[in-house]
>>> print(open('model_1.pdb').read())   # PDB, C-alpha atoms
ATOM      1  CA  MET A   1     169.183  87.421-129.449
ATOM      2  CA  THR A   2     168.231  84.794-126.915
ATOM      3  CA  ASP A   3     164.527  84.507-126.242
ATOM      4  CA  ASN A   4     163.222  84.046-122.700
ATOM      5  CA  SER A   5     160.077  82.770-121.050
ATOM      6  CA  ASP A   6     158.892  86.080-119.588
ATOM      7  CA  PRO A   7     156.886  87.869-122.301
ATOM      8  CA  LYS A   8     157.368  91.246-120.626
ATOM      9  CA  PHE A   9     161.133  91.090-120.855
ATOM     10  CA  ALA A  10     162.414  90.862-124.409
ATOM     11  CA  PHE A  11     165.041  92.780-126.302
ATOM     12  CA  THR A  12     163.407  95.628-128.186
ATOM     13  CA  TYR A  13     164.674  97.451-131.239
ATOM     14  CA  ASP A  14     161.772  99.876-131.443
ATOM     15  CA  ARG A  15     164.123 102.833-131.745
ATOM     16  CA  VAL A  16     165.630 101.485-134.971
ATOM     17  CA  LEU A  17     163.567 102.762-137.890
ATOM     18  CA  ARG A  18     163.004 100.548-140.915
ATOM     19  CA  PRO A  19     161.492 103.043-143.370
ATOM     20  CA  ALA A  20     158.508 102.153-145.518
ATOM     21  CA  PRO A  21     158.829 102.964-149.243
ATOM     22  CA  GLU A  22     156.727 106.111-148.809
ATOM     23  CA  THR A  23     158.695 107.450-145.812
ATOM     24  CA  ILE A  24     160.240 110.894-146.310
ATOM     25  CA  LEU A  25     162.565 112.431-143.730
ATOM     26  CA  TYR A  26     163.327 116.147-143.747
ATOM     27  CA  HIS A  27     166.665 117.853-143.217
ATOM     28  CA  TYR A  28     166.524 121.590-142.492
ATOM     29  CA  CYS A  29     169.528 123.493-143.796
ATOM     30  CA  SER A  30     170.933 126.721-145.244
ATOM     31  CA  THR A  31     171.434 127.427-148.944
ATOM     32  CA  PRO A  32     175.219 126.706-148.832
ATOM     33  CA  THR A  33     174.497 123.338-147.204
ATOM     34  CA  LEU A  34     171.826 122.478-149.780
ATOM     35  CA  LEU A  35     174.178 123.253-152.665
ATOM     36  CA  SER A  36     177.002 121.281-151.052
ATOM     37  CA  ILE A  37     174.765 118.223-150.611
ATOM     38  CA  LEU A  38     173.622 118.428-154.244
ATOM     39  CA  GLU A  39     177.083 119.012-155.703
ATOM     40  CA  HIS A  40     179.030 116.489-153.645
ATOM     41  CA  GLY A  41     176.298 113.921-153.009
ATOM     42  CA  LYS A  42     177.231 113.643-149.347
ATOM     43  CA  LEU A  43     175.579 114.255-145.982
ATOM     44  CA  ARG A  44     177.488 115.678-143.044
ATOM     45  CA  PHE A  45     177.557 113.761-139.760
ATOM     46  CA  SER A  46     178.729 115.746-136.742
ATOM     47  CA  ASP A  47     179.887 114.967-133.217
ATOM     48  CA  ILE A  48     176.818 114.055-131.164
ATOM     49  CA  ASN A  49     178.194 116.008-128.200
ATOM     50  CA  MET A  50     177.936 119.264-130.134
ATOM     51  CA  MET A  51     174.212 119.107-130.910
ATOM     52  CA  ASN A  52     171.585 121.630-129.741
ATOM     53  CA  ASP A  53     171.158 119.907-126.370
ATOM     54  CA  PRO A  54     174.422 120.214-124.391
ATOM     55  CA  ARG A  55     173.111 117.792-121.751
ATOM     56  CA  GLU A  56     172.157 115.074-124.203
ATOM     57  CA  TRP A  57     174.554 112.359-123.055
ATOM     58  CA  ARG A  58     173.869 113.240-119.419
ATOM     59  CA  TYR A  59     170.151 112.767-120.074
ATOM     60  CA  CYS A  60     170.787 109.356-121.645
ATOM     61  CA  TYR A  61     172.882 108.243-118.692
ATOM     62  CA  GLU A  62     170.270 109.430-116.201
ATOM     63  CA  LEU A  63     167.696 107.448-118.190
ATOM     64  CA  PHE A  64     169.825 104.340-117.729
ATOM     65  CA  GLU A  65     169.905 105.004-113.960
ATOM     66  CA  ARG A  66     166.121 105.514-113.803
ATOM     67  CA  ALA A  67     165.494 102.348-115.800
ATOM     68  CA  ALA A  68     167.892 100.313-113.636
ATOM     69  CA  ASN A  69     166.076 101.479-110.487
ATOM     70  CA  ALA A  70     162.742 100.569-112.084
ATOM     71  CA  VAL A  71     163.974  97.019-112.720
ATOM     72  CA  LEU A  72     165.317  96.699-109.169
ATOM     73  CA  GLU A  73     161.884  97.673-107.843
ATOM     74  CA  MET A  74     160.395  94.712-109.759
ATOM     75  CA  VAL A  75     162.676  92.120-108.132
ATOM     76  CA  PRO A  76     160.487  91.255-105.082
ATOM     77  CA  ASP A  77     157.472  90.509-107.309
ATOM     78  CA  ARG A  78     159.224  88.832-110.228
ATOM     79  CA  PRO A  79     160.854  85.458-109.460
ATOM     80  CA  ALA A  80     162.570  85.538-112.850
ATOM     81  CA  LEU A  81     164.683  88.446-111.576
ATOM     82  CA  ASP A  82     165.837  86.640-108.442
ATOM     83  CA  GLY A  83     169.437  87.536-107.618
ATOM     84  CA  LEU A  84     169.462  90.809-109.551
ATOM     85  CA  ASP A  85     171.263  93.602-107.726
ATOM     86  CA  THR A  86     173.239  96.742-108.512
ATOM     87  CA  SER A  87     176.387  94.780-109.375
ATOM     88  CA  PHE A  88     174.752  93.659-112.620
ATOM     89  CA  PHE A  89     174.122  97.267-113.656
ATOM     90  CA  ASP A  90     177.686  98.178-112.677
ATOM     91  CA  ARG A  91     178.832  95.738-115.359
ATOM     92  CA  ILE A  92     176.585  97.396-117.931
ATOM     93  CA  ASP A  93     177.932 100.765-116.801
ATOM     94  CA  ASP A  94     181.400  99.496-117.723
ATOM     95  CA  TYR A  95     180.168  99.705-121.314
ATOM     96  CA  LEU A  96     178.187 102.951-121.055
ATOM     97  CA  SER A  97     180.509 105.256-119.133
ATOM     98  CA  PRO A  98     183.640 104.794-121.291
ATOM     99  CA  LYS A  99     181.614 104.464-124.497
ATOM    100  CA  GLN A 100     182.967 107.573-126.200
ATOM    101  CA  LEU A 101     186.562 106.663-125.411
ATOM    102  CA  LYS A 102     186.145 103.594-127.623
ATOM    103  CA  SER A 103     183.430 104.387-130.177
ATOM    104  CA  HIS A 104     182.428 107.977-130.867
ATOM    105  CA  PRO A 105     178.961 108.731-132.340
ATOM    106  CA  VAL A 106     178.418 111.214-135.153
ATOM    107  CA  ILE A 107     174.893 111.960-136.395
ATOM    108  CA  ALA A 108     172.832 113.698-139.055
ATOM    109  CA  CYS A 109     169.418 114.943-137.933
ATOM    110  CA  PHE A 110     166.091 114.690-139.744
ATOM    111  CA  SER A 111     162.475 115.430-138.901
ATOM    112  CA  ARG A 112     159.266 113.666-139.827
ATOM    113  CA  ARG A 113     157.710 117.098-140.361
ATOM    114  CA  PRO A 114     158.669 119.357-143.293
ATOM    115  CA  ASP A 115     157.351 122.676-142.044
ATOM    116  CA  VAL A 116     158.091 123.442-138.383
ATOM    117  CA  LEU A 117     158.836 127.076-137.568
ATOM    118  CA  SER A 118     161.288 126.317-134.765
ATOM    119  CA  GLN A 119     163.262 124.088-137.164
ATOM    120  CA  TRP A 120     163.307 126.777-139.824
ATOM    121  CA  ARG A 121     164.606 129.328-137.341
ATOM    122  CA  GLY A 122     167.150 127.065-135.689
ATOM    123  CA  TYR A 123     168.642 125.117-138.593
ATOM    124  CA  ALA A 124     167.695 126.805-141.870
ATOM    125  CA  ASP A 125     169.418 130.192-141.744
ATOM    126  CA  ASP A 126     166.679 131.840-139.679
ATOM    127  CA  ALA A 127     163.967 130.565-142.065
ATOM    128  CA  LYS A 128     165.780 131.678-145.253
ATOM    129  CA  GLY A 129     166.864 128.112-146.043
ATOM    130  CA  TRP A 130     165.381 124.796-147.065
ATOM    131  CA  SER A 131     163.881 121.531-145.866
ATOM    132  CA  ILE A 132     165.158 118.651-148.002
ATOM    133  CA  GLY A 133     162.835 115.644-148.162
ATOM    134  CA  PHE A 134     165.052 112.567-148.391
ATOM    135  CA  ARG A 135     163.639 109.143-149.140
ATOM    136  CA  GLY A 136     163.868 107.100-145.958
ATOM    137  CA  LEU A 137     165.008 104.071-147.966
ATOM    138  CA  ALA A 138     167.935 106.060-149.375
ATOM    139  CA  LEU A 139     169.078 107.036-145.887
ATOM    140  CA  ASP A 140     168.639 103.485-144.607
ATOM    141  CA  ALA A 141     170.896 102.258-147.428
ATOM    142  CA  MET A 142     173.800 104.298-146.018
ATOM    143  CA  PRO A 143     176.236 102.853-143.418
ATOM    144  CA  VAL A 144     174.101 104.242-140.589
ATOM    145  CA  THR A 145     171.462 103.269-138.048
ATOM    146  CA  LEU A 146     168.264 105.301-138.164
ATOM    147  CA  LEU A 147     166.935 105.981-134.673
ATOM    148  CA  GLU A 148     163.400 107.284-134.212
ATOM    149  CA  VAL A 149     163.612 109.535-131.174
ATOM    150  CA  VAL A 150     161.216 109.036-128.242
ATOM    151  CA  TYR A 151     160.445 111.997-125.968
ATOM    152  CA  ASP A 152     157.947 110.516-123.487
ATOM    153  CA  PRO A 153     159.852 109.863-120.213
ATOM    154  CA  GLU A 154     157.565 106.990-119.184
ATOM    155  CA  GLN A 155     157.967 105.243-122.512
ATOM    156  CA  GLN A 156     161.719 105.768-122.326
ATOM    157  CA  VAL A 157     161.978 104.101-118.912
ATOM    158  CA  THR A 158     159.703 101.250-119.998
ATOM    159  CA  GLU A 159     161.757 100.472-123.083
ATOM    160  CA  VAL A 160     165.166 100.688-121.427
ATOM    161  CA  SER A 161     164.112  98.754-118.304
ATOM    162  CA  ASN A 162     162.662  96.081-120.578
ATOM    163  CA  PHE A 163     165.993  95.820-122.356
ATOM    164  CA  LEU A 164     167.930  95.660-119.075
ATOM    165  CA  ALA A 165     165.699  92.945-117.607
ATOM    166  CA  ALA A 166     165.960  90.863-120.775
ATOM    167  CA  MET A 167     169.719  91.203-120.633
ATOM    168  CA  TYR A 168     169.755  89.877-117.069
ATOM    169  CA  LEU A 169     167.569  86.880-117.959
ATOM    170  CA  THR A 170     169.832  86.043-120.887
ATOM    171  CA  TRP A 171     172.934  86.213-118.699
ATOM    172  CA  ARG A 172     171.322  83.909-116.105
ATOM    173  CA  GLU A 173     170.170  81.492-118.791
ATOM    174  CA  LYS A 174     173.583  81.227-120.425
ATOM    175  CA  GLY A 175     175.379  81.001-117.092
ATOM    176  CA  SER A 176     178.590  82.233-118.664
ATOM    177  CA  ASP A 177     180.955  85.169-118.571
ATOM    178  CA  PHE A 178     179.134  88.529-118.728
ATOM    179  CA  LYS A 179     181.007  89.668-121.823
ATOM    180  CA  ASP A 180     180.355  86.431-123.691
ATOM    181  CA  ALA A 181     176.688  86.313-122.682
ATOM    182  CA  VAL A 182     175.483  89.898-123.071
ATOM    183  CA  GLY A 183     178.499  92.110-123.746
ATOM    184  CA  GLN A 184     177.330  92.725-127.292
ATOM    185  CA  ASP A 185     173.892  93.722-126.002
ATOM    186  CA  ALA A 186     175.391  96.142-123.477
ATOM    187  CA  ALA A 187     177.421  97.745-126.249
ATOM    188  CA  LEU A 188     174.280  97.939-128.382
ATOM    189  CA  LEU A 189     172.386  99.665-125.578
ATOM    190  CA  ALA A 190     175.176 102.257-125.360
ATOM    191  CA  SER A 191     174.372 103.166-128.975
ATOM    192  CA  LEU A 192     170.575 102.773-129.017
ATOM    193  CA  ILE A 193     170.166 104.957-125.948
ATOM    194  CA  HIS A 194     170.851 107.939-128.213
ATOM    195  CA  GLY A 195     167.303 107.417-129.480
ATOM    196  CA  TYR A 196     165.921 109.155-126.377
ATOM    197  CA  LYS A 197     165.766 112.907-125.761
ATOM    198  CA  HIS A 198     164.313 115.347-123.263
ATOM    199  CA  PRO A 199     160.568 115.995-123.841
ATOM    200  CA  SER A 200     161.180 119.715-124.418
ATOM    201  CA  PHE A 201     162.502 118.781-127.885
ATOM    202  CA  GLU A 202     159.386 116.853-128.902
ATOM    203  CA  GLU A 203     158.312 119.354-131.562
ATOM    204  CA  GLU A 204     161.347 118.350-133.626
ATOM    205  CA  GLN A 205     159.955 114.827-134.263
ATOM    206  CA  GLU A 206     163.525 113.775-134.899
ATOM    207  CA  VAL A 207     164.899 110.759-136.675
ATOM    208  CA  ARG A 208     168.653 110.637-136.325
ATOM    209  CA  ALA A 209     171.083 108.809-138.556
ATOM    210  CA  LEU A 210     173.825 107.385-136.346
ATOM    211  CA  HIS A 211     177.336 106.403-137.417
ATOM    212  CA  GLU A 212     180.229 105.576-135.118
ATOM    213  CA  LEU A 213     183.939 106.324-135.313
ATOM    214  CA  ARG A 214     186.690 104.285-133.737
ATOM    215  CA  VAL A 215     188.668 106.110-131.048
ATOM    216  CA  ASP A 216     192.424 105.593-130.980
ATOM    217  CA  ILE A 217     194.108 106.830-127.805
ATOM    218  CA  SER A 218     197.870 106.529-127.459
ATOM    219  CA  GLU A 219     200.631 108.205-125.516
ATOM    220  CA  ASP A 220     201.382 110.585-128.359
ATOM    221  CA  GLY A 221     197.855 111.590-129.382
ATOM    222  CA  TRP A 222     194.140 110.913-129.822
ATOM    223  CA  GLY A 223     192.523 109.970-133.118
ATOM    224  CA  LEU A 224     189.098 109.407-134.651
ATOM    225  CA  ILE A 225     188.961 106.802-137.429
ATOM    226  CA  ASP A 226     186.034 105.965-139.707
ATOM    227  CA  GLU A 227     186.096 102.248-140.426
ATOM    228  CA  GLY A 228     183.271 102.420-142.971
ATOM    229  CA  GLY A 229     180.360 100.003-142.854
ATOM    230  CA  THR A 230     177.637  98.507-145.028
ATOM    231  CA  ALA A 231     175.840 100.671-147.603
ATOM    232  CA  ASN A 232     173.186  99.262-149.919
ATOM    233  CA  GLY A 233     174.230  95.778-148.895
ATOM    234  CA  GLU A 234     177.904  96.302-149.754
ATOM    235  CA  GLU A 235     180.928  96.996-147.583
ATOM    236  CA  VAL A 236     182.215 100.550-148.019
ATOM    237  CA  ALA A 237     185.451 102.170-146.941
ATOM    238  CA  GLY A 238     185.604 104.839-144.283
ATOM    239  CA  GLU A 239     185.666 108.556-144.956
ATOM    240  CA  ALA A 240     188.168 111.146-143.769
ATOM    241  CA  VAL A 241     187.390 112.701-140.390
ATOM    242  CA  GLY A 242     187.467 116.500-140.444
ATOM    243  CA  PHE A 243     187.002 119.315-137.959
ATOM    244  CA  ARG A 244     185.028 122.521-138.291
ATOM    245  CA  ALA A 245     184.470 125.578-136.131
ATOM    246  CA  ALA A 246     181.025 126.346-134.712
ATOM    247  CA  GLY A 247     181.570 129.617-132.897
ATOM    248  CA  SER A 248     184.346 128.813-130.460
ATOM    249  CA  ALA A 249     183.599 125.064-130.527
ATOM    250  CA  VAL A 250     185.594 122.471-132.469
ATOM    251  CA  VAL A 251     183.281 119.894-134.061
ATOM    252  CA  ALA A 252     184.433 116.580-135.528
ATOM    253  CA  TYR A 253     182.582 115.423-138.640
ATOM    254  CA  ILE A 254     182.570 113.110-141.629
ATOM    255  CA  ASP A 255     180.769 113.439-144.964
ATOM    256  CA  LEU A 256     179.060 110.200-145.983
ATOM    257  CA  PRO A 257     177.966 109.515-149.586
ATOM    258  CA  LEU A 258     174.207 109.686-150.035
ATOM    259  CA  GLN A 259     172.745 106.501-151.504
ATOM    260  CA  ARG A 260     170.131 106.440-154.253
ATOM    261  CA  VAL A 261     167.473 103.743-154.127
ATOM    262  CA  ALA A 262     165.827 103.079-157.489
ATOM    263  CA  GLY A 263     167.703 106.164-158.689
ATOM    264  CA  VAL A 264     166.000 108.503-156.217
ATOM    265  CA  ALA A 265     167.407 110.039-153.035
ATOM    266  CA  ILE A 266     165.464 113.318-152.767
ATOM    267  CA  SER A 267     161.667 113.407-153.169
ATOM    268  CA  GLU A 268     160.767 116.909-151.957
ATOM    269  CA  LEU A 269     162.300 120.325-151.437
ATOM    270  CA  TRP A 270     160.624 122.938-149.235
ATOM    271  CA  PHE A 271     161.293 126.702-149.329
ATOM    272  CA  GLY A 272     161.578 128.320-145.910
ATOM    273  CA  PRO A 273     159.187 131.094-144.786
ATOM    274  CA  SER A 274     161.771 133.792-145.602
ATOM    275  CA  ASN A 275     163.351 132.071-148.600
ATOM    276  CA  ASP A 276     162.972 134.451-151.563
ATOM    277  CA  ASN A 277     164.308 132.098-154.250
ATOM    278  CA  GLY A 278     162.143 131.300-157.249
ATOM    279  CA  PRO A 279     161.418 127.756-158.464
ATOM    280  CA  GLY A 280     164.198 127.867-161.048
ATOM    281  CA  ASN A 281     166.815 128.494-158.366
ATOM    282  CA  ALA A 282     165.909 125.091-156.957
ATOM    283  CA  LEU A 283     165.177 123.160-160.141
ATOM    284  CA  TYR A 284     168.350 124.131-162.006
ATOM    285  CA  PRO A 285     170.806 122.755-159.409
ATOM    286  CA  LEU A 286     168.574 119.775-158.630
ATOM    287  CA  THR A 287     168.547 118.797-162.301
ATOM    288  CA  ARG A 288     172.257 119.583-162.773
ATOM    289  CA  TYR A 289     173.206 117.096-160.065
ATOM    290  CA  GLY A 290     170.810 114.365-161.112
ATOM    291  CA  HIS A 291     167.820 114.906-158.836
ATOM    292  CA  ARG A 292     164.873 114.929-161.231
ATOM    293  CA  GLY A 293     161.165 114.853-160.465
ATOM    294  CA  VAL A 294     161.580 116.538-157.077
ATOM    295  CA  ASP A 295     158.353 118.100-155.780
ATOM    296  CA  LEU A 296     158.648 121.721-154.618
ATOM    297  CA  PHE A 297     156.681 123.118-151.668
ATOM    298  CA  TRP A 298     156.562 126.449-149.867
ATOM    299  CA  SER A 299     156.293 126.803-146.097
ATOM    300  CA  ALA A 300     152.912 127.819-144.750
ATOM    301  CA  SER A 301     154.548 129.423-141.707
ATOM    302  CA  SER A 302     154.473 133.192-141.378
ATOM    303  CA  TYR A 303     157.766 134.628-140.166
ATOM    304  CA  ARG A 304     159.645 137.917-140.621
ATOM    305  CA  ALA A 305     163.385 137.179-140.408
TER     306      ALA A 305
END
>>> encode(input="model_1.pdb", output="structure tokens")
Amino acid sequence: MTDNSDPKFAFTYDRVLRPAPETILYHYCSTPTLLSILEHGKLRFSDINMMNDPREWRYCYELFERAANAVLEMVPDRPALDGLDTSFFDRIDDYLSPKQLKSHPVIACFSRRPDVLSQWRGYADDAKGWSIGFRGLALDAMPVTLLEVVYDPEQQVTEVSNFLAAMYLTWREKGSDFKDAVGQDAALLASLIHGYKHPSFEEEQEVRALHELRVDISEDGWGLIDEGGTANGEEVAGEAVGFRAAGSAVVAYIDLPLQRVAGVAISELWFGPSNDNGPGNALYPLTRYGHRGVDLFWSASSYRA
């Protein structure tokens, strides 16, 4: 990225999580999902549009609009922004609005907290399931981007407006075609903006693993293609895109191989508040599929399913 002389305006990647060795991220799930992950060694990534917040993309776009207005309000007091007007943001919008007709996000969701009652009820078979504690380094070694979700609206606007202003300064400095100067940054913003959610979801403390599929649109059909990526420092091939039913909804997904770092992918396994399995029911399949030394914990939440 190009640096600039205004210390307030600099490209920020604060939403991209680089896990420390001790970081554990928790995935709430049902018993069938746990056994599938253990047996097949893969994590499911689903269409971001079919998550628990049906207005998620709308919220992200409205955040872009709020941040753009915040930058425009700075123009009279910031000489560095001289000449900035709405036409610049229209060019960025050319990347945001058609984003999912070119590159379609699929995600897997994790929490920083292993024992949250709302998570048990919503994602772990009404508290009868599990919370799998994955090593953050193992997730980061997959062909994904880990985004640490921010819920504070003021922080959201600050971060995105900072990014937008830095993009404008870079474009002015380079004095070249918009696409050549900052097109890559506009495309990046269209992906990173998924690291922001409505504050009503704050209890989730979500970290989302983001992967993107190529969209092929032709006269005779539409297709989603996984082009693969980099996992553990090596290029990996794409996986098959599938479709599953969630009620009446059709949800696109891919199953990505879980990476092991220093031989370890799973550090902890938590039993839900209404999970009546004994320790052996967890340790036998964990050991069978190569996950040894996993620490077992039981939820402290009280809940009658």
>>> closest_residue(input="model_1.pdb", among="A:Asn281, A:Asp255, A:Ala70, A:Val182", to="Glu159 (chain A)", atoms="all atoms listed in the file")
A:Ala70
>>> axis_aligned_box(input="model_1.pdb", around="region 132-143 of chain A", padding_each_side="4 Å", output="lines of an AutoDock Vina configuration file")
center_x = 169.5
center_y = 110.5
center_z = -146.4
size_x = 21.4
size_y = 24.4
size_z = 14.0
>>> closest_residue(input="model_1.pdb", among="A:Trp171, A:Tyr196, A:Trp120, A:Phe178", to="Tyr59 (chain A)", atoms="all atoms listed in the file")
A:Tyr196
>>> residues_near_point(input="model_1.pdb", point="(185.7, 115.0, -137.5)", cutoff="10 Å", atoms="all atoms listed in the file", output="number ranges by chain")
A: 44-47, 106, 213, 223-226, 239-244, 250-255
>>> atom_distance(input="model_1.pdb", atom1="CA of Leu38 (chain A)", atom2="CA of Thr287 (chain A)")
9.5 Å
>>> residues_around(input="model_1.pdb", residues="Ala20 (chain A)", least_positions_apart="3", cutoff="8 Å", atoms="all atoms listed in the file", output="compact mmCIF listing (two decimals) with C-alpha atoms, in the frame of the given file")
# COMPACT_ATOMS: atom_id res chain seq x y z
CA THR A 23 158.70 107.45 -145.81
CA GLY A 136 163.87 107.10 -145.96
CA LEU A 137 165.01 104.07 -147.97
>>> closest_residue(input="model_1.pdb", among="A:His198, A:Arg304, A:Arg292, A:Arg113", to="Pro54 (chain A)", atoms="all atoms listed in the file")
A:His198
>>> resolve_selection(input="model_1.pdb", expression="the PyMOL selection byres ((chain A and resi 131) around 7)", output="PyMOL selection string")
chain A and resi 26-29+114+130+132-133+269-271
>>> residues_around(input="model_1.pdb", residues="Glu56 (chain A)", least_positions_apart="4", cutoff="12 Å", atoms="all atoms listed in the file", output="VMD selection string")
chain A and resid 47 to 52 60 to 63 193 to 201
>>> residues_around(input="model_1.pdb", residues="Ala237 (chain A)", least_positions_apart="5", cutoff="10 Å", atoms="all atoms listed in the file", output="PyMOL selection string")
chain A and resi 143+226-231
>>> atom_distance(input="model_1.pdb", atom1="CA of Asp82 (chain A)", atom2="CA of Glu173 (chain A)")
12.3 Å
>>> atom_distance(input="model_1.pdb", atom1="CA of Ala190 (chain A)", atom2="CA of Leu84 (chain A)")
20.3 Å
>>> closest_residue(input="model_1.pdb", among="A:Val236, A:Leu34, A:Leu72, A:Ile24", to="Ala124 (chain A)", atoms="all atoms listed in the file")
A:Leu34
>>> resolve_selection(input="model_1.pdb", expression="the PyMOL selection byres ((chain A and resi 302) around 9)", output="short mmCIF file (atom, residue, chain, number, x, y, z; two decimals) with C-alpha atoms, in the coordinates of the input")
data_model
loop_
_atom_site.label_atom_id
_atom_site.label_comp_id
_atom_site.auth_asym_id
_atom_site.auth_seq_id
_atom_site.Cartn_x
_atom_site.Cartn_y
_atom_site.Cartn_z
CA LEU A 117 158.84 127.08 -137.57
CA PRO A 273 159.19 131.09 -144.79
CA SER A 274 161.77 133.79 -145.60
CA SER A 299 156.29 126.80 -146.10
CA ALA A 300 152.91 127.82 -144.75
CA SER A 301 154.55 129.42 -141.71
CA TYR A 303 157.77 134.63 -140.17
CA ARG A 304 159.65 137.92 -140.62
#
>>> resolve_selection(input="model_1.pdb", expression="the PyMOL selection byres ((chain A and resi 109) around 8)", output="PyMOL selection string")
chain A and resi 27+107-108+110-111+206-209
>>> residues_around(input="model_1.pdb", residues="Ser191 (chain A)", least_positions_apart="6", cutoff="12 Å", atoms="only C-alpha atoms", output="ChimeraX atom specification")
/A:13,15-16,48,57,60-61,95-97,99-100,102-107,144-147,184-185,208-213
>>> closest_residue(input="model_1.pdb", among="A:Leu25, A:Ala166, A:Leu101, A:Val215", to="Asp115 (chain A)", atoms="only C-alpha atoms")
A:Leu25
>>> residues_near_point(input="model_1.pdb", point="(162.9, 102.5, -119.7)", cutoff="10 Å", atoms="all atoms listed in the file", output="compact mmCIF listing (two decimals) with C-alpha atoms, keeping the file's coordinate frame")
# COMPACT_ATOMS: atom_id res chain seq x y z
CA LEU A 63 167.70 107.45 -118.19
CA PHE A 64 169.82 104.34 -117.73
CA GLU A 65 169.90 105.00 -113.96
CA ARG A 66 166.12 105.51 -113.80
CA ALA A 67 165.49 102.35 -115.80
CA ALA A 68 167.89 100.31 -113.64
CA ASN A 69 166.08 101.48 -110.49
CA ALA A 70 162.74 100.57 -112.08
CA VAL A 71 163.97 97.02 -112.72
CA PRO A 153 159.85 109.86 -120.21
CA GLU A 154 157.56 106.99 -119.18
CA GLN A 155 157.97 105.24 -122.51
CA GLN A 156 161.72 105.77 -122.33
CA VAL A 157 161.98 104.10 -118.91
CA THR A 158 159.70 101.25 -120.00
CA GLU A 159 161.76 100.47 -123.08
CA VAL A 160 165.17 100.69 -121.43
CA SER A 161 164.11 98.75 -118.30
CA ASN A 162 162.66 96.08 -120.58
CA PHE A 163 165.99 95.82 -122.36
CA LEU A 164 167.93 95.66 -119.08
CA ILE A 193 170.17 104.96 -125.95
CA TYR A 196 165.92 109.16 -126.38
>>> decode(input="model_1.pdb", residues="region 49-53 of chain A", atoms="all heavy atoms", output="short mmCIF file (atom, residue, chain, number, x, y, z; two decimals), in the first residue's frame")
data_model
loop_
_atom_site.label_atom_id
_atom_site.label_comp_id
_atom_site.auth_asym_id
_atom_site.auth_seq_id
_atom_site.Cartn_x
_atom_site.Cartn_y
_atom_site.Cartn_z
N ASN A 49 -25.01 -14.74 2.54
CA ASN A 49 -26.34 -14.14 2.49
C ASN A 49 -27.38 -14.93 3.28
O ASN A 49 -28.49 -14.45 3.50
CB ASN A 49 -26.81 -14.01 1.04
CG ASN A 49 -25.94 -13.09 0.23
OD1 ASN A 49 -25.67 -11.97 0.65
ND2 ASN A 49 -25.46 -13.55 -0.91
N MET A 50 -27.01 -16.15 3.68
CA MET A 50 -27.98 -17.01 4.36
C MET A 50 -27.64 -17.17 5.84
O MET A 50 -28.04 -18.14 6.46
CB MET A 50 -28.02 -18.39 3.67
CG MET A 50 -28.23 -18.32 2.18
SD MET A 50 -29.67 -17.32 1.68
CE MET A 50 -30.99 -18.32 2.32
N MET A 51 -26.92 -16.19 6.40
CA MET A 51 -26.58 -16.24 7.81
C MET A 51 -27.78 -15.79 8.66
O MET A 51 -28.86 -15.52 8.16
CB MET A 51 -25.37 -15.35 8.09
CG MET A 51 -24.09 -15.80 7.39
SD MET A 51 -23.48 -17.41 7.97
CE MET A 51 -23.91 -18.47 6.58
N ASN A 52 -27.56 -15.65 9.99
CA ASN A 52 -28.66 -15.36 10.91
C ASN A 52 -29.18 -13.93 10.79
O ASN A 52 -30.25 -13.62 11.29
CB ASN A 52 -28.25 -15.63 12.36
CG ASN A 52 -26.97 -14.90 12.75
OD1 ASN A 52 -26.34 -14.24 11.94
ND2 ASN A 52 -26.58 -15.03 14.01
N ASP A 53 -28.43 -13.05 10.14
CA ASP A 53 -28.87 -11.67 9.95
C ASP A 53 -29.22 -11.48 8.48
O ASP A 53 -28.34 -11.34 7.62
CB ASP A 53 -27.76 -10.69 10.35
CG ASP A 53 -28.17 -9.24 10.16
OD1 ASP A 53 -29.34 -8.99 9.80
OD2 ASP A 53 -27.32 -8.35 10.37
#
